[in-house]
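What follows is a short report on a single structure.
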Amino acid sequence: MTHAMSSPVTLPLTRTDPFDPPGDLRLWREEGPIRPMLYADGHVGWLVTGYSIARAVLADPRFTTDPALLHPPIGQRATQRLLEDLPGFFLQEDPPEHTRLRRRLTGHFTVHRMQALEPRVEAITSDHLDAMERTGPPADLVREFALPIPSLVICELLGVPYGDHEMFQRRSAVILDLDSSHEQVRRALDDLMNYLRGLVTRKRTAPGDDLISELATDRGLTIDEVTGVAVLLLVAGHETTANMLALGTFTLLRNPAQLAALREDPSLAGGAVEELLRYLTIVHLGPVRAAREDVEIDGHRIRAGDSVTLSLPAANRDPARFEDPDALDITRHAAGHLSFGHGVHQCLGQQLARMEMRVAYPALLRRFPGLRLADPDEQVPTRTHMAIYGVHTLPVAW
């Protein structure tokens with residue numbers, strides 16, 4: 001049986017509250033967990049807003065991440081195609097090619113490896129808090145804390161010189177900006193590829209003790225494949241955690257009871273991180289999958305070739321999965337959220353991101369008991385038109 005078809009909707013971006021998904025997503029989820037959607041290039045596919053269906057699609061091998069079959073929910077198809085020919089960019093690959101590349105990395109991001117790395121992250125966090133304290137308020141928490149900590153950590157892990165951070169941060173921002181032109185994205189991606197290809201080439205002949213060196217000396221991988229892997233890890237490794245640190249702090253400052261509870265009991269940090277990940281869901285425009293064959297979902301026939309956008313912000317606020325989902329509760333058991341995805345493409349670096357946040361949030365709140373926003377809420381610029389949601393700046397005082 002097929003449900004009555006509703007008119008295709010477009011993916012909403014406008015928010016009335018910086019911490020909540022666009023209101024239309026909630027209304028549509030209440031009407032049903034899946035509906036037709038109009039994509040940016042005119043394709044009519046599907047939008048999933050329900051948790052159980054989103055999780056099921058992410059784990060279903062009948063859906064592919066092949067960019068040649070995907071349609072963009074936002075932006076230009078031509079810009080999306082820039083990633084199609086990028087060797088090593090395994091987010092765009094299905095098994096077995098995805099497996100071949102990812103298995104070379106999984107050992108570097110285990111819980112055990114992250115535990116060994118934690119003292120270094122604590123030291124990096126402390127150094128940046130020291131610098132903020134010396135300079136004094138006000139400070140932009142993005143520039144002084146949220147962005148440099150994960151940037152330095154991923155640079156050390158990969159073997160990328162941190163002195164080049166401004167270059168790769170600027171290029172990453174262009175690539176993730178939905179308002180960037182096709183030419184701007186192409187130039188930024190070319191710059192990043194050329195920079196990292198040079199680094200990979202040098203490490204193949206003179207390796208160091210870092211992840212890129214290990215990949216570069218793996219004769220089962222080409223220089224371009226290692227370069228593509230490095231682009232993915234470098235961009236994802238600093239952009240996601242940086243935005244969670246800044247937006248998460250903004251959220252806690254606007255929920256003083258939750259902030260006080262975390263400051264008073266740092267053992268709550270693990271649960272607080274999971275709840276902030278669920279509540280904020282900064283990967284806010286997807287992911288997108290395409291059906292390899294006809295698939296029946298909730299009474300709807302998804303035809304082969306249809307794109308399906310999985311709204312993770314809507315799924316993570318589904319009351320069928322999380323009680324009172326629009327409330328922030330750091331004592332909630334938020335495990336099972338989809339902020340890191342699910343299935344074979346679940347975020348490789350999730351344990352690194354969790355550990356960085358578990359360290360950074362309590363350290364910031366301990367160091368500055370009087371931490372507060374230096375500007376009114378409405379003046380904090382949000383990253384609505386970026387592929388990863390967050391805030392561009394967060395002026396704070398203490």
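Please note that chains go A, B, ... in the order of the structure tokens, that every chain numbers its residues from 1, and that ligands are numbered from 1 in the order shown.
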### Task
Can you pull out every residue within 12 Å of Gly107 (chain A), counting only C-alpha atoms, but drop anything in the same chain fewer than 4 positions away, and send it as a PyMOL selection string?
chain A and resi 102-103+111-114+211+214+348-349+351
### Task
Among the residues of region 193-360 of chain A, find those DSSP assigns to helix (DSSP H, G or I) from the backbone and print them as JSON, numbers by chain.
{"A": [193, 194, 195, 196, 197, 198, 199, 200, 201, 202, 203, 204, 205, 211, 212, 213, 214, 215, 216, 223, 224, 225, 226, 227, 228, 229, 230, 231, 232, 233, 234, 235, 236, 237, 238, 239, 240, 241, 242, 243, 244, 245, 246, 247, 248, 249, 250, 251, 252, 253, 256, 257, 258, 259, 260, 261, 262, 263, 264, 266, 267, 268, 269, 270, 271, 272, 273, 274, 275, 276, 277, 278, 279, 280, 312, 313, 314, 315, 343, 344, 345, 350, 351, 352, 353, 354, 355, 356, 357, 358, 359, 360]}
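The shortest atom-to-atom distance to Leu268 (chain A), with only C-alpha atoms taken into account, belongs to A:Arg332 out of A:Arg134, A:Arg104, A:His385, A:Arg332.
Distance check against Gln92 (chain A) using only C-alpha atoms: of A:Phe109, A:Ala290, A:Thr49, A:Ile297, the minimum falls on A:Ala290.
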Among region 74-311 of chain A, which residues carry a DSSP assignment of strand (DSSP E or B), reported as a compact mmCIF listing (two decimals) with N, CA and C atoms, in the first residue's frame?
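Writing done, so here's result20.txt:
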# COMPACT_ATOMS: atom_id res chain seq x y z
N ALA A 139 36.83 37.69 24.84
CA ALA A 139 37.54 36.81 23.91
C ALA A 139 36.53 36.15 22.98
N ASP A 140 36.97 35.87 21.78
CA ASP A 140 36.13 35.08 20.86
C ASP A 140 36.45 33.62 21.12
N ASP A 177 30.93 26.22 2.89
CA ASP A 177 30.00 27.35 2.80
C ASP A 177 29.03 27.12 1.65
N VAL A 288 22.79 12.19 2.73
CA VAL A 288 21.96 11.81 1.60
C VAL A 288 22.37 10.43 1.12
N ARG A 289 21.40 9.62 0.79
CA ARG A 289 21.63 8.32 0.19
C ARG A 289 20.80 8.22 -1.09
N ALA A 290 21.14 7.27 -1.95
CA ALA A 290 20.36 7.00 -3.16
C ALA A 290 19.99 5.52 -3.18
N ALA A 291 18.77 5.24 -3.58
CA ALA A 291 18.30 3.85 -3.64
C ALA A 291 18.92 3.14 -4.84
N VAL A 295 12.60 0.28 -3.13
CA VAL A 295 12.53 -0.07 -1.70
C VAL A 295 11.21 0.47 -1.15
N GLU A 296 10.54 -0.33 -0.36
CA GLU A 296 9.30 0.09 0.30
C GLU A 296 9.63 0.58 1.71
N ILE A 297 9.24 1.82 2.03
CA ILE A 297 9.48 2.37 3.36
C ILE A 297 8.21 3.04 3.86
N HIS A 300 5.64 3.87 1.41
CA HIS A 300 6.06 4.64 0.25
C HIS A 300 7.03 3.81 -0.58
N ARG A 301 6.87 3.86 -1.90
CA ARG A 301 7.81 3.17 -2.78
C ARG A 301 8.93 4.14 -3.16
N ILE A 302 10.13 3.86 -2.67
CA ILE A 302 11.31 4.61 -3.06
C ILE A 302 11.88 3.92 -4.29
N SER A 307 16.96 9.95 -4.55
CA SER A 307 17.77 10.40 -3.42
C SER A 307 16.90 10.51 -2.17
N VAL A 308 17.49 10.18 -1.04
CA VAL A 308 16.79 10.23 0.25
C VAL A 308 17.67 11.04 1.22
N THR A 309 17.15 12.16 1.68
CA THR A 309 17.85 12.98 2.66
C THR A 309 17.38 12.59 4.06
N LEU A 310 18.30 12.27 4.92
CA LEU A 310 18.00 11.88 6.29
C LEU A 310 18.27 13.07 7.20
### Query
Which of these, A:Glu264, A:Glu225, A:Asp318, A:Asp85, has the shortest distance to Leu27 (chain A) once you count only C-alpha atoms?
A:Asp318
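From CA of Glu378 (chain A) back to CA of Leu147 (chain A), the distance works out to 21.6 Å.
Closest approach to Val200 (chain A) from the set A:Leu312, A:Val142, A:Val185, A:Ile212 is made by A:Ile212, with distances taken over only C-alpha atoms.
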### Query
Between CA of Leu328 (chain A) and CA of Gly23 (chain A), what is the spacing in Å?
17.0 Å
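Proximity of A:Pro73, A:Pro87, A:Gly286, A:Gly305 to Gly228 (chain A), computed with only C-alpha atoms, is greatest for A:Pro87.
Summary of the local environment: counting only C-alpha atoms, residues at most 10 Å from Gly42 (chain A), other than itself and those fewer than 2 positions away along its chain, are Met37, Leu38, Tyr39, Ala40, Val44, Gly45, His71, Pro72 and Pro73 of chain A.
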### Query
Between A:Leu69, A:Asp127, A:Arg263, A:Ala246, which is the closest to Ala304 (chain A) once you count only C-alpha atoms?
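Result for the nearest residue to Ala304 (chain A): A:Leu69.
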### Task
Report the distance between CA of Leu259 (chain A) and CA of Met357 (chain A) in Å, rounded to one decimal place.
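Going from CA of Leu259 (chain A) over to CA of Met357 (chain A) covers 14.3 Å.
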